[in-house]
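Single-structure report; data block below.
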Amino acid sequence: QLVESGGGLVQPGGSLSLSCVVTGSNLDDLIIGWFRRAPGKEREGVSCIKVGGTSRKYADAVKGRFTIYRNNAENRINLESNDLRPEDTAVYFCAAVRPPFMKQMCVEDMPGAHEYSYWGQGTQVTVSS
């Protein structure tokens with residue numbers, strides 16, 4: 001089960017820390033991805049992390065502004081979002097998959113949405129003055 005939190009209303013240039021709590025699985029076995037869906041647009045990948053390793057990937061639109069990391073103390077994956085812009089307004093979802101044996105994921109590029117098995121309900125991020 002995945003549960004997101006941390007969304008809200010923030011002014012341009014502000015920051016939010018989104019959180020994805022994962023239960024029912026060993027976090028080290030998973031690839032966790034963050035996606036977003038803006039009004040009138042298709043869902044797009046934001047970032048991914050190979051939790052049991054060091055690999056992280058980011059979409060070009062958020063590179064240098066967003067950071068994905070593991071919070072070991074609380075079994076959650078955080079997405080630190082800085083210098084937020086109006087175009088970052090969207091519902092943000094986290095997703096999880098246990099990669100098939102020997103398959104590399106979130107190494108060369110971000111997995112597509114269809115490659116994930118589990119999804120949270122989403123958290124709304126609104127960037128507006």
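Lettering and numbering for the structure tokens are positional, with chains as A, B, ... in the shown order, residues counted from 1 in each chain, and ligands counted from 1 in the shown order.
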
Using 9 Å as the limit and counting only C-alpha atoms, can you tabulate each residue of region 54-110 of chain A that touches region 40-45 of chain A, with its shortest atom-to-atom distance in Å and the two atoms involved, as a tab-separated table?
```
residue	atom	partner	partner_atom	distance
A:Tyr58	CA	A:Gly45	CA	8.1
A:Ala59	CA	A:Gly45	CA	6.6
A:Met110	CA	A:Gly45	CA	7.3
```

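Residues within 8 Å of Phe66 (chain A), counting only C-alpha atoms and excluding same-chain residues fewer than 5 positions away, are A:Tyr58, A:Leu79, A:Glu80, A:Ser81, A:Asn82.
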
Handout entry: Pick from A:Val127, A:Cys106, A:Val51, A:Ile68, whichever lies nearest to Asn26 (chain A) using only C-alpha atoms
Key =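 Among A:Val127, A:Cys106, A:Val51, A:Ile68, it is A:Val51 that comes nearest to Asn26 (chain A).
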
Exercise for the section: For Glu4 (chain A), list every protein, DNA or RNA residue within 10 Å, evaluated using only C-alpha atoms, and leave out those in the same chain fewer than 4 positions away; present the list as JSON, numbers by chain. Expected result: {"A": [18, 19, 20, 21, 22, 76, 77, 78, 92, 93, 94, 95, 119, 120, 121, 122, 123, 124]}

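Closest approach to Gly112 (chain A) among A:Val46, A:Val125, A:Leu30, A:Ala90 is made by A:Val46 (distances from only C-alpha atoms).
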
Problem - Closest of A:Thr126, A:Ile32, A:Leu27, A:Ser5 to Pro86 (chain A) - atom-to-atom distances counting only C-alpha atoms - result: A:Thr126

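With CA of Gly6 (chain A) on one side and CA of Asn75 (chain A) on the other, the separation reads 15.5 Å.
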
Practice task
Enumerate as number ranges by chain all residues of chain A assigned to helix (DSSP H, G or I) by DSSP on the backbone, naming them with the chain letters and numbers the document uses.
Solution key: A: 27-29, 72-74, 86-88, 113-115

Next, dump the selected residues to file, keeping only C-alpha atoms, as a short mmCIF file (atom, residue, chain, number, x, y, z; two decimals), in the first residue's frame.
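So out30.cif came out as:
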```cif
data_model
loop_
_atom_site.label_atom_id
_atom_site.label_comp_id
_atom_site.auth_asym_id
_atom_site.auth_seq_id
_atom_site.Cartn_x
_atom_site.Cartn_y
_atom_site.Cartn_z
CA LEU A 27 11.40 -1.20 0.64
CA ASP A 28 14.84 -2.41 -0.45
CA ASP A 29 13.25 -4.64 -3.09
CA ASN A 72 15.02 5.22 6.57
CA ALA A 73 13.50 6.03 9.92
CA GLU A 74 9.97 6.04 8.62
CA PRO A 86 2.99 27.31 -11.65
CA GLU A 87 3.63 24.60 -14.24
CA ASP A 88 4.40 22.18 -11.38
CA ALA A 113 3.82 4.29 -15.74
CA HIS A 114 2.77 0.95 -17.22
CA GLU A 115 5.75 -0.72 -15.56
#
```

Using the chain letters and numbers from this document, which residues of chain A does DSSP assign to strand (DSSP E), as a CSV table (one decimal) with all heavy atoms, in the first residue's frame?
```
chain,number,residue,atom,x,y,z
A,2,LEU,N,0.4,2.2,-0.8
A,2,LEU,CA,1.2,3.5,-0.9
A,2,LEU,C,0.3,4.6,-0.5
A,2,LEU,O,-0.9,4.7,-0.9
A,2,LEU,CB,1.7,3.7,-2.3
A,2,LEU,CG,2.5,2.6,-3.0
A,2,LEU,CD1,2.7,2.9,-4.4
A,2,LEU,CD2,3.7,2.3,-2.2
A,3,VAL,N,0.8,5.5,0.4
A,3,VAL,CA,0.0,6.7,0.8
A,3,VAL,C,0.9,7.9,0.7
A,3,VAL,O,1.9,8.0,1.3
A,3,VAL,CB,-0.5,6.5,2.2
A,3,VAL,CG1,-1.3,7.8,2.6
A,3,VAL,CG2,-1.4,5.3,2.4
A,4,GLU,N,0.4,8.9,-0.2
A,4,GLU,CA,1.1,10.1,-0.3
A,4,GLU,C,0.6,11.2,0.6
A,4,GLU,O,-0.6,11.1,1.0
A,4,GLU,CB,1.0,10.7,-1.8
A,4,GLU,CG,1.4,9.7,-2.9
A,4,GLU,CD,0.2,9.0,-3.4
A,4,GLU,OE1,-0.8,8.8,-2.7
A,4,GLU,OE2,0.3,8.5,-4.6
A,5,SER,N,1.5,12.1,0.9
A,5,SER,CA,1.1,13.3,1.7
A,5,SER,C,2.0,14.4,1.4
A,5,SER,O,3.1,14.2,0.8
A,5,SER,CB,1.1,13.0,3.2
A,5,SER,OG,2.4,12.6,3.7
A,8,GLY,N,-0.1,20.7,-1.2
A,8,GLY,CA,-0.7,21.9,-0.6
A,8,GLY,C,-0.6,23.1,-1.6
A,8,GLY,O,-0.2,22.9,-2.8
A,9,LEU,N,-0.9,24.2,-1.1
A,9,LEU,CA,-0.8,25.5,-1.9
A,9,LEU,C,0.5,26.2,-1.5
A,9,LEU,O,0.7,26.4,-0.3
A,9,LEU,CB,-2.0,26.3,-1.6
A,9,LEU,CG,-2.0,27.7,-2.3
A,9,LEU,CD1,-2.0,27.7,-3.8
A,9,LEU,CD2,-3.2,28.6,-1.7
A,10,VAL,N,1.2,26.6,-2.5
A,10,VAL,CA,2.5,27.3,-2.3
A,10,VAL,C,2.7,28.3,-3.3
A,10,VAL,O,2.2,28.2,-4.5
A,10,VAL,CB,3.7,26.3,-2.3
A,10,VAL,CG1,3.8,25.6,-3.6
A,10,VAL,CG2,5.0,26.9,-1.8
A,16,LEU,N,7.9,22.3,-1.2
A,16,LEU,CA,7.1,21.3,-0.5
A,16,LEU,C,7.9,20.0,-0.4
A,16,LEU,O,8.7,19.7,-1.3
A,16,LEU,CB,5.8,21.1,-1.3
A,16,LEU,CG,4.7,22.1,-1.3
A,16,LEU,CD1,3.6,21.7,-2.2
A,16,LEU,CD2,4.1,22.3,0.1
A,17,SER,N,7.6,19.3,0.6
A,17,SER,CA,8.2,18.0,0.8
A,17,SER,C,7.1,16.9,0.7
A,17,SER,O,6.3,16.8,1.6
A,17,SER,CB,9.0,17.8,2.1
A,17,SER,OG,9.6,16.6,2.2
A,18,LEU,N,7.0,16.2,-0.4
A,18,LEU,CA,6.0,15.2,-0.6
A,18,LEU,C,6.6,13.9,0.0
A,18,LEU,O,7.8,13.6,-0.1
A,18,LEU,CB,5.7,15.0,-2.1
A,18,LEU,CG,5.3,16.3,-2.8
A,18,LEU,CD1,4.9,15.9,-4.3
A,18,LEU,CD2,4.2,17.0,-2.1
A,19,SER,N,5.7,13.1,0.5
A,19,SER,CA,6.1,11.9,1.1
A,19,SER,C,5.2,10.7,0.6
A,19,SER,O,4.0,10.9,0.4
A,19,SER,CB,5.9,12.0,2.6
A,19,SER,OG,6.2,10.8,3.3
A,20,CYS,N,5.8,9.5,0.5
A,20,CYS,CA,5.2,8.3,0.1
A,20,CYS,C,5.5,7.2,1.1
A,20,CYS,O,6.6,6.8,1.2
A,20,CYS,CB,5.6,7.9,-1.3
A,20,CYS,SG,4.9,6.3,-1.9
A,21,VAL,N,4.5,6.9,1.9
A,21,VAL,CA,4.7,5.8,2.9
A,21,VAL,C,4.4,4.5,2.2
A,21,VAL,O,3.3,4.3,1.6
A,21,VAL,CB,3.8,6.0,4.1
A,21,VAL,CG1,3.9,4.8,5.1
A,21,VAL,CG2,4.2,7.3,4.9
A,22,VAL,N,5.3,3.5,2.4
A,22,VAL,CA,5.1,2.2,1.8
A,22,VAL,C,4.9,1.2,2.8
A,22,VAL,O,5.8,1.1,3.8
A,22,VAL,CB,6.3,1.9,0.9
A,22,VAL,CG1,6.1,0.5,0.2
A,22,VAL,CG2,6.6,2.9,-0.1
A,31,ILE,N,11.4,-0.4,-6.7
A,31,ILE,CA,11.6,0.8,-7.4
A,31,ILE,C,10.4,1.7,-7.1
A,31,ILE,O,9.3,1.2,-7.2
A,31,ILE,CB,11.7,0.6,-9.0
A,31,ILE,CG1,12.8,-0.4,-9.3
A,31,ILE,CG2,11.8,2.0,-9.7
A,31,ILE,CD1,14.2,0.2,-9.1
A,32,ILE,N,10.7,2.9,-6.7
A,32,ILE,CA,9.6,3.8,-6.4
A,32,ILE,C,9.6,5.0,-7.4
A,32,ILE,O,10.7,5.5,-7.6
A,32,ILE,CB,9.7,4.4,-4.9
A,32,ILE,CG1,9.6,3.3,-3.9
A,32,ILE,CG2,8.6,5.4,-4.7
A,32,ILE,CD1,8.3,2.6,-3.8
A,33,GLY,N,8.5,5.3,-7.9
A,33,GLY,CA,8.5,6.4,-8.9
A,33,GLY,C,7.5,7.5,-8.4
A,33,GLY,O,6.5,7.2,-7.7
A,34,TRP,N,7.7,8.7,-8.8
A,34,TRP,CA,6.8,9.8,-8.6
A,34,TRP,C,6.3,10.2,-10.0
A,34,TRP,O,7.1,10.4,-10.9
A,34,TRP,CB,7.4,11.0,-7.9
A,34,TRP,CG,7.5,10.8,-6.4
A,34,TRP,CD1,8.5,10.3,-5.7
A,34,TRP,CD2,6.4,11.1,-5.5
A,34,TRP,NE1,8.2,10.3,-4.3
A,34,TRP,CE2,6.9,10.8,-4.2
A,34,TRP,CE3,5.1,11.6,-5.5
A,34,TRP,CZ2,6.2,11.0,-3.0
A,34,TRP,CZ3,4.4,11.8,-4.4
A,34,TRP,CH2,4.9,11.5,-3.1
A,35,PHE,N,5.0,10.4,-10.1
A,35,PHE,CA,4.4,10.9,-11.4
A,35,PHE,C,3.5,12.1,-11.0
A,35,PHE,O,3.2,12.3,-9.8
A,35,PHE,CB,3.5,9.8,-12.0
A,35,PHE,CG,4.3,8.6,-12.6
A,35,PHE,CD1,4.8,7.7,-11.7
A,35,PHE,CD2,4.6,8.5,-13.9
A,35,PHE,CE1,5.6,6.6,-12.2
A,35,PHE,CE2,5.3,7.5,-14.4
A,35,PHE,CZ,5.8,6.5,-13.6
A,36,ARG,N,3.1,12.8,-12.0
A,36,ARG,CA,2.1,13.9,-11.8
A,36,ARG,C,1.2,14.0,-13.0
A,36,ARG,O,1.6,13.6,-14.1
A,36,ARG,CB,2.9,15.2,-11.5
A,36,ARG,CG,3.6,15.7,-12.7
A,36,ARG,CD,4.4,17.0,-12.3
A,36,ARG,NE,5.2,17.6,-13.4
A,36,ARG,CZ,6.0,18.6,-13.3
A,36,ARG,NH1,6.2,19.1,-12.1
A,36,ARG,NH2,6.7,19.1,-14.3
A,37,ARG,N,0.0,14.5,-12.7
A,37,ARG,CA,-1.0,14.7,-13.7
A,37,ARG,C,-1.5,16.1,-13.5
A,37,ARG,O,-2.2,16.4,-12.5
A,37,ARG,CB,-2.1,13.7,-13.7
A,37,ARG,CG,-3.1,14.0,-14.8
A,37,ARG,CD,-4.3,13.1,-14.8
A,37,ARG,NE,-3.9,11.7,-15.3
A,37,ARG,CZ,-4.1,10.6,-14.6
A,37,ARG,NH1,-4.6,10.7,-13.4
A,37,ARG,NH2,-3.7,9.5,-15.1
A,44,GLU,N,2.7,12.3,-16.3
A,44,GLU,CA,4.2,12.3,-16.7
A,44,GLU,C,5.0,11.9,-15.5
A,44,GLU,O,4.7,12.1,-14.3
A,44,GLU,CB,4.6,13.7,-17.2
A,44,GLU,CG,4.6,14.8,-16.1
A,44,GLU,CD,5.2,16.1,-16.6
A,44,GLU,OE1,5.9,16.1,-17.6
A,44,GLU,OE2,5.0,17.1,-15.9
A,45,GLY,N,6.1,11.2,-15.8
A,45,GLY,CA,7.1,10.8,-14.8
A,45,GLY,C,7.9,12.0,-14.3
A,45,GLY,O,8.2,12.9,-15.1
A,46,VAL,N,8.1,12.0,-13.0
A,46,VAL,CA,8.8,13.0,-12.4
A,46,VAL,C,10.2,12.6,-11.9
A,46,VAL,O,11.2,13.2,-12.2
A,46,VAL,CB,8.1,13.6,-11.2
A,46,VAL,CG1,8.9,14.7,-10.4
A,46,VAL,CG2,6.7,14.2,-11.6
A,47,SER,N,10.2,11.4,-11.2
A,47,SER,CA,11.5,10.9,-10.7
A,47,SER,C,11.3,9.4,-10.3
A,47,SER,O,10.2,8.9,-10.2
A,47,SER,CB,11.8,11.7,-9.4
A,47,SER,OG,13.1,11.3,-8.9
A,48,CYS,N,12.4,8.8,-10.1
A,48,CYS,CA,12.4,7.4,-9.6
A,48,CYS,C,13.6,7.1,-8.8
A,48,CYS,O,14.6,7.9,-8.9
A,48,CYS,CB,12.3,6.4,-10.8
A,48,CYS,SG,13.7,6.3,-11.8
A,49,ILE,N,13.5,6.1,-7.9
A,49,ILE,CA,14.6,5.7,-7.1
A,49,ILE,C,14.7,4.2,-7.0
A,49,ILE,O,13.6,3.6,-6.8
A,49,ILE,CB,14.5,6.4,-5.7
A,49,ILE,CG1,15.7,6.0,-4.8
A,49,ILE,CG2,13.2,6.0,-5.0
A,49,ILE,CD1,15.8,6.8,-3.5
A,50,LYS,N,15.9,3.7,-7.1
A,50,LYS,CA,16.1,2.3,-6.8
A,50,LYS,C,16.4,2.2,-5.3
A,50,LYS,O,17.5,2.5,-4.9
A,50,LYS,CB,17.2,1.7,-7.7
A,50,LYS,CG,17.5,0.3,-7.6
A,50,LYS,CD,18.6,-0.2,-8.5
A,50,LYS,CE,18.8,-1.7,-8.4
A,50,LYS,NZ,19.9,-2.1,-9.3
A,56,ARG,N,19.1,7.1,-9.0
A,56,ARG,CA,17.9,8.1,-9.0
A,56,ARG,C,17.9,8.7,-10.4
A,56,ARG,O,18.9,9.0,-11.0
A,56,ARG,CB,18.1,9.2,-8.0
A,56,ARG,CG,18.1,8.6,-6.6
A,56,ARG,CD,18.7,9.6,-5.6
A,56,ARG,NE,18.6,9.2,-4.2
A,56,ARG,CZ,19.4,8.3,-3.7
A,56,ARG,NH1,20.3,7.7,-4.4
A,56,ARG,NH2,19.2,8.0,-2.4
A,57,LYS,N,16.7,9.0,-10.9
A,57,LYS,CA,16.5,9.6,-12.2
A,57,LYS,C,15.4,10.7,-12.0
A,57,LYS,O,14.5,10.6,-11.2
A,57,LYS,CB,16.0,8.6,-13.2
A,57,LYS,CG,17.1,7.6,-13.6
A,57,LYS,CD,18.3,8.3,-14.3
A,57,LYS,CE,19.3,7.3,-14.7
A,57,LYS,NZ,20.5,7.9,-15.3
A,58,TYR,N,15.6,11.8,-12.8
A,58,TYR,CA,14.7,12.9,-12.8
A,58,TYR,C,14.3,13.3,-14.2
A,58,TYR,O,15.1,13.2,-15.1
A,58,TYR,CB,15.3,14.1,-12.1
A,58,TYR,CG,15.7,13.9,-10.7
A,58,TYR,CD1,17.0,13.4,-10.4
A,58,TYR,CD2,14.8,14.1,-9.6
A,58,TYR,CE1,17.4,13.2,-9.1
A,58,TYR,CE2,15.2,13.8,-8.3
A,58,TYR,CZ,16.5,13.4,-8.1
A,58,TYR,OH,16.8,13.2,-6.8
A,66,PHE,N,14.1,19.2,-7.8
A,66,PHE,CA,13.5,18.2,-7.0
A,66,PHE,C,14.6,17.2,-6.6
A,66,PHE,O,15.5,16.9,-7.4
A,66,PHE,CB,12.4,17.5,-7.8
A,66,PHE,CG,11.1,18.2,-8.1
A,66,PHE,CD1,11.1,19.6,-7.9
A,66,PHE,CD2,10.0,17.6,-8.4
A,66,PHE,CE1,9.9,20.3,-8.1
A,66,PHE,CE2,8.8,18.3,-8.7
A,66,PHE,CZ,8.8,19.7,-8.5
A,67,THR,N,14.4,16.6,-5.4
A,67,THR,CA,15.3,15.5,-5.0
A,67,THR,C,14.5,14.4,-4.4
A,67,THR,O,13.6,14.6,-3.5
A,67,THR,CB,16.2,16.1,-3.9
A,67,THR,OG1,17.0,17.2,-4.4
A,67,THR,CG2,17.2,15.0,-3.4
A,68,ILE,N,14.8,13.2,-4.8
A,68,ILE,CA,14.1,12.0,-4.3
A,68,ILE,C,15.0,11.3,-3.3
A,68,ILE,O,16.2,11.2,-3.6
A,68,ILE,CB,13.6,11.1,-5.4
A,68,ILE,CG1,12.7,10.0,-4.9
A,68,ILE,CG2,14.8,10.5,-6.2
A,68,ILE,CD1,12.0,9.2,-6.0
A,69,TYR,N,14.5,10.9,-2.2
A,69,TYR,CA,15.4,10.2,-1.2
A,69,TYR,C,14.6,9.3,-0.3
A,69,TYR,O,13.4,9.5,-0.1
A,69,TYR,CB,16.3,11.2,-0.4
A,69,TYR,CG,15.5,12.1,0.5
A,69,TYR,CD1,15.3,11.8,1.8
A,69,TYR,CD2,15.0,13.3,0.0
A,69,TYR,CE1,14.6,12.7,2.6
A,69,TYR,CE2,14.3,14.2,0.8
A,69,TYR,CZ,14.1,13.9,2.1
A,69,TYR,OH,13.4,14.7,2.9
A,70,ARG,N,15.3,8.4,0.3
A,70,ARG,CA,14.7,7.5,1.3
A,70,ARG,C,14.8,8.0,2.7
A,70,ARG,O,15.9,8.4,3.1
A,70,ARG,CB,15.3,6.1,1.2
A,70,ARG,CG,14.8,5.1,2.2
A,70,ARG,CD,15.5,3.8,2.0
A,70,ARG,NE,14.9,2.8,2.9
A,70,ARG,CZ,15.3,1.5,2.9
A,70,ARG,NH1,16.2,1.1,2.0
A,70,ARG,NH2,14.7,0.7,3.7
A,71,ASN,N,13.7,8.0,3.4
A,71,ASN,CA,13.7,8.3,4.8
A,71,ASN,C,13.7,7.0,5.6
A,71,ASN,O,12.7,6.3,5.7
A,71,ASN,CB,12.5,9.1,5.2
A,71,ASN,CG,12.5,9.6,6.6
A,71,ASN,OD1,12.9,8.8,7.5
A,71,ASN,ND2,12.0,10.8,6.9
A,76,ARG,N,9.7,5.5,4.2
A,76,ARG,CA,9.0,6.3,3.2
A,76,ARG,C,10.0,6.9,2.2
A,76,ARG,O,11.2,7.0,2.5
A,76,ARG,CB,8.2,7.5,3.9
A,76,ARG,CG,9.1,8.5,4.6
A,76,ARG,CD,8.2,9.6,5.2
A,76,ARG,NE,7.3,9.2,6.2
A,76,ARG,CZ,6.1,9.7,6.6
A,76,ARG,NH1,5.7,10.8,5.9
A,76,ARG,NH2,5.4,9.3,7.5
A,77,ILE,N,9.5,7.3,1.1
A,77,ILE,CA,10.3,7.9,0.1
A,77,ILE,C,9.8,9.4,0.0
A,77,ILE,O,8.6,9.6,-0.2
A,77,ILE,CB,10.1,7.2,-1.3
A,77,ILE,CG1,10.5,5.8,-1.2
A,77,ILE,CG2,10.9,8.0,-2.4
A,77,ILE,CD1,12.0,5.6,-0.8
A,78,ASN,N,10.7,10.3,0.1
A,78,ASN,CA,10.3,11.7,0.0
A,78,ASN,C,10.7,12.3,-1.3
A,78,ASN,O,11.7,11.9,-2.0
A,78,ASN,CB,11.0,12.5,1.1
A,78,ASN,CG,10.4,12.3,2.5
A,78,ASN,OD1,9.5,11.4,2.6
A,78,ASN,ND2,10.9,13.0,3.5
A,79,LEU,N,10.0,13.3,-1.8
A,79,LEU,CA,10.3,14.1,-2.9
A,79,LEU,C,10.3,15.5,-2.5
A,79,LEU,O,9.3,16.1,-2.3
A,79,LEU,CB,9.3,13.9,-4.1
A,79,LEU,CG,9.6,14.6,-5.4
A,79,LEU,CD1,10.8,13.9,-6.1
A,79,LEU,CD2,8.3,14.6,-6.3
A,80,GLU,N,11.6,16.0,-2.3
A,80,GLU,CA,11.8,17.4,-1.9
A,80,GLU,C,11.6,18.3,-3.2
A,80,GLU,O,12.4,18.1,-4.1
A,80,GLU,CB,13.1,17.6,-1.3
A,80,GLU,CG,13.4,18.9,-0.6
A,80,GLU,CD,12.6,19.0,0.7
A,80,GLU,OE1,12.2,18.0,1.3
A,80,GLU,OE2,12.3,20.1,1.1
A,81,SER,N,10.7,19.2,-3.1
A,81,SER,CA,10.4,20.0,-4.3
A,81,SER,C,10.7,21.5,-4.0
A,81,SER,O,10.0,22.1,-3.2
A,81,SER,CB,8.9,19.8,-4.7
A,81,SER,OG,8.6,18.5,-4.8
A,90,ALA,N,-0.2,20.1,-10.1
A,90,ALA,CA,-0.6,18.8,-10.6
A,90,ALA,C,-1.0,18.0,-9.3
A,90,ALA,O,-0.7,18.3,-8.2
A,90,ALA,CB,0.5,18.1,-11.3
A,91,VAL,N,-1.6,16.8,-9.6
A,91,VAL,CA,-1.8,15.8,-8.6
A,91,VAL,C,-0.5,14.9,-8.7
A,91,VAL,O,-0.2,14.4,-9.8
A,91,VAL,CB,-3.0,15.0,-8.8
A,91,VAL,CG1,-3.1,13.9,-7.7
A,91,VAL,CG2,-4.3,15.9,-8.7
A,92,TYR,N,0.2,14.7,-7.6
A,92,TYR,CA,1.4,13.9,-7.6
A,92,TYR,C,1.1,12.5,-7.0
A,92,TYR,O,0.5,12.4,-6.0
A,92,TYR,CB,2.5,14.6,-6.8
A,92,TYR,CG,3.1,15.7,-7.5
A,92,TYR,CD1,2.4,16.9,-7.7
A,92,TYR,CD2,4.4,15.7,-8.0
A,92,TYR,CE1,2.9,18.0,-8.4
A,92,TYR,CE2,5.0,16.7,-8.7
A,92,TYR,CZ,4.2,17.9,-8.9
A,92,TYR,OH,4.8,18.9,-9.6
A,93,PHE,N,1.5,11.5,-7.7
A,93,PHE,CA,1.3,10.1,-7.3
A,93,PHE,C,2.7,9.4,-7.1
A,93,PHE,O,3.6,9.7,-7.8
A,93,PHE,CB,0.6,9.3,-8.4
A,93,PHE,CG,-0.7,9.9,-8.8
A,93,PHE,CD1,-0.9,10.9,-9.8
A,93,PHE,CD2,-1.9,9.4,-8.2
A,93,PHE,CE1,-2.1,11.4,-10.1
A,93,PHE,CE2,-3.1,9.9,-8.6
A,93,PHE,CZ,-3.2,10.9,-9.5
A,94,CYS,N,2.7,8.5,-6.1
A,94,CYS,CA,3.9,7.6,-6.0
A,94,CYS,C,3.4,6.2,-6.5
A,94,CYS,O,2.2,5.9,-6.4
A,94,CYS,CB,4.5,7.6,-4.7
A,94,CYS,SG,3.5,6.9,-3.3
A,95,ALA,N,4.4,5.5,-7.0
A,95,ALA,CA,4.1,4.2,-7.5
A,95,ALA,C,5.2,3.2,-7.2
A,95,ALA,O,6.4,3.7,-7.0
A,95,ALA,CB,3.9,4.2,-9.1
A,96,ALA,N,5.0,2.0,-7.1
A,96,ALA,CA,6.0,1.0,-6.7
A,96,ALA,C,5.9,-0.2,-7.6
A,96,ALA,O,4.9,-0.6,-8.1
A,96,ALA,CB,5.8,0.6,-5.3
A,97,VAL,N,7.1,-0.8,-7.8
A,97,VAL,CA,7.2,-2.1,-8.5
A,97,VAL,C,8.4,-2.9,-8.0
A,97,VAL,O,9.4,-2.3,-7.6
A,97,VAL,CB,7.3,-1.9,-10.0
A,97,VAL,CG1,8.6,-1.2,-10.4
A,97,VAL,CG2,7.3,-3.2,-10.8
A,118,TYR,N,1.9,-0.8,-8.3
A,118,TYR,CA,1.1,-0.3,-7.2
A,118,TYR,C,1.1,1.2,-7.2
A,118,TYR,O,2.1,1.8,-7.5
A,118,TYR,CB,1.6,-0.8,-5.8
A,118,TYR,CG,1.7,-2.3,-5.8
A,118,TYR,CD1,3.0,-2.9,-6.0
A,118,TYR,CD2,0.6,-3.1,-5.5
A,118,TYR,CE1,3.1,-4.3,-5.9
A,118,TYR,CE2,0.7,-4.5,-5.5
A,118,TYR,CZ,2.0,-5.1,-5.7
A,118,TYR,OH,2.1,-6.4,-5.7
A,119,TRP,N,0.0,1.8,-6.9
A,119,TRP,CA,-0.2,3.3,-7.0
A,119,TRP,C,-0.9,3.8,-5.7
A,119,TRP,O,-1.7,3.1,-5.1
A,119,TRP,CB,-1.0,3.7,-8.2
A,119,TRP,CG,-0.3,3.4,-9.5
A,119,TRP,CD1,-0.2,2.2,-10.2
A,119,TRP,CD2,0.4,4.4,-10.2
A,119,TRP,NE1,0.5,2.4,-11.3
A,119,TRP,CE2,0.9,3.7,-11.4
A,119,TRP,CE3,0.7,5.7,-10.1
A,119,TRP,CZ2,1.7,4.4,-12.4
A,119,TRP,CZ3,1.5,6.4,-11.0
A,119,TRP,CH2,2.0,5.7,-12.2
A,123,THR,N,-1.6,13.3,-4.2
A,123,THR,CA,-1.7,14.5,-3.3
A,123,THR,C,-1.6,15.7,-4.2
A,123,THR,O,-0.7,15.8,-5.1
A,123,THR,CB,-0.5,14.5,-2.3
A,123,THR,OG1,-0.7,15.6,-1.4
A,123,THR,CG2,0.8,14.5,-2.9
A,124,GLN,N,-2.4,16.7,-4.0
A,124,GLN,CA,-2.5,17.9,-4.8
A,124,GLN,C,-1.4,18.9,-4.5
A,124,GLN,O,-1.3,19.2,-3.3
A,124,GLN,CB,-3.9,18.5,-4.7
A,124,GLN,CG,-4.1,19.8,-5.5
A,124,GLN,CD,-4.1,19.6,-7.0
A,124,GLN,OE1,-4.9,18.7,-7.5
A,124,GLN,NE2,-3.4,20.4,-7.8
A,125,VAL,N,-0.7,19.3,-5.5
A,125,VAL,CA,0.2,20.4,-5.4
A,125,VAL,C,-0.3,21.6,-6.3
A,125,VAL,O,-0.5,21.4,-7.5
A,125,VAL,CB,1.6,20.0,-5.8
A,125,VAL,CG1,2.6,21.2,-5.9
A,125,VAL,CG2,2.2,19.0,-4.8
A,126,THR,N,-0.5,22.7,-5.6
A,126,THR,CA,-0.9,23.9,-6.4
A,126,THR,C,0.1,25.0,-6.1
A,126,THR,O,0.4,25.4,-5.0
A,126,THR,CB,-2.3,24.4,-5.9
A,126,THR,OG1,-3.2,23.3,-6.1
A,126,THR,CG2,-2.7,25.6,-6.7
A,127,VAL,N,0.7,25.5,-7.2
A,127,VAL,CA,1.6,26.6,-7.2
A,127,VAL,C,1.0,27.9,-7.7
A,127,VAL,O,0.8,27.9,-8.9
A,127,VAL,CB,2.9,26.3,-7.9
A,127,VAL,CG1,4.0,27.4,-7.7
A,127,VAL,CG2,3.5,24.9,-7.4
```

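Nearest to Asp109 (chain A) of all the residues A:Ala38, A:Arg85, A:Gly24, A:Asp60 is A:Asp60, based on only C-alpha atoms.
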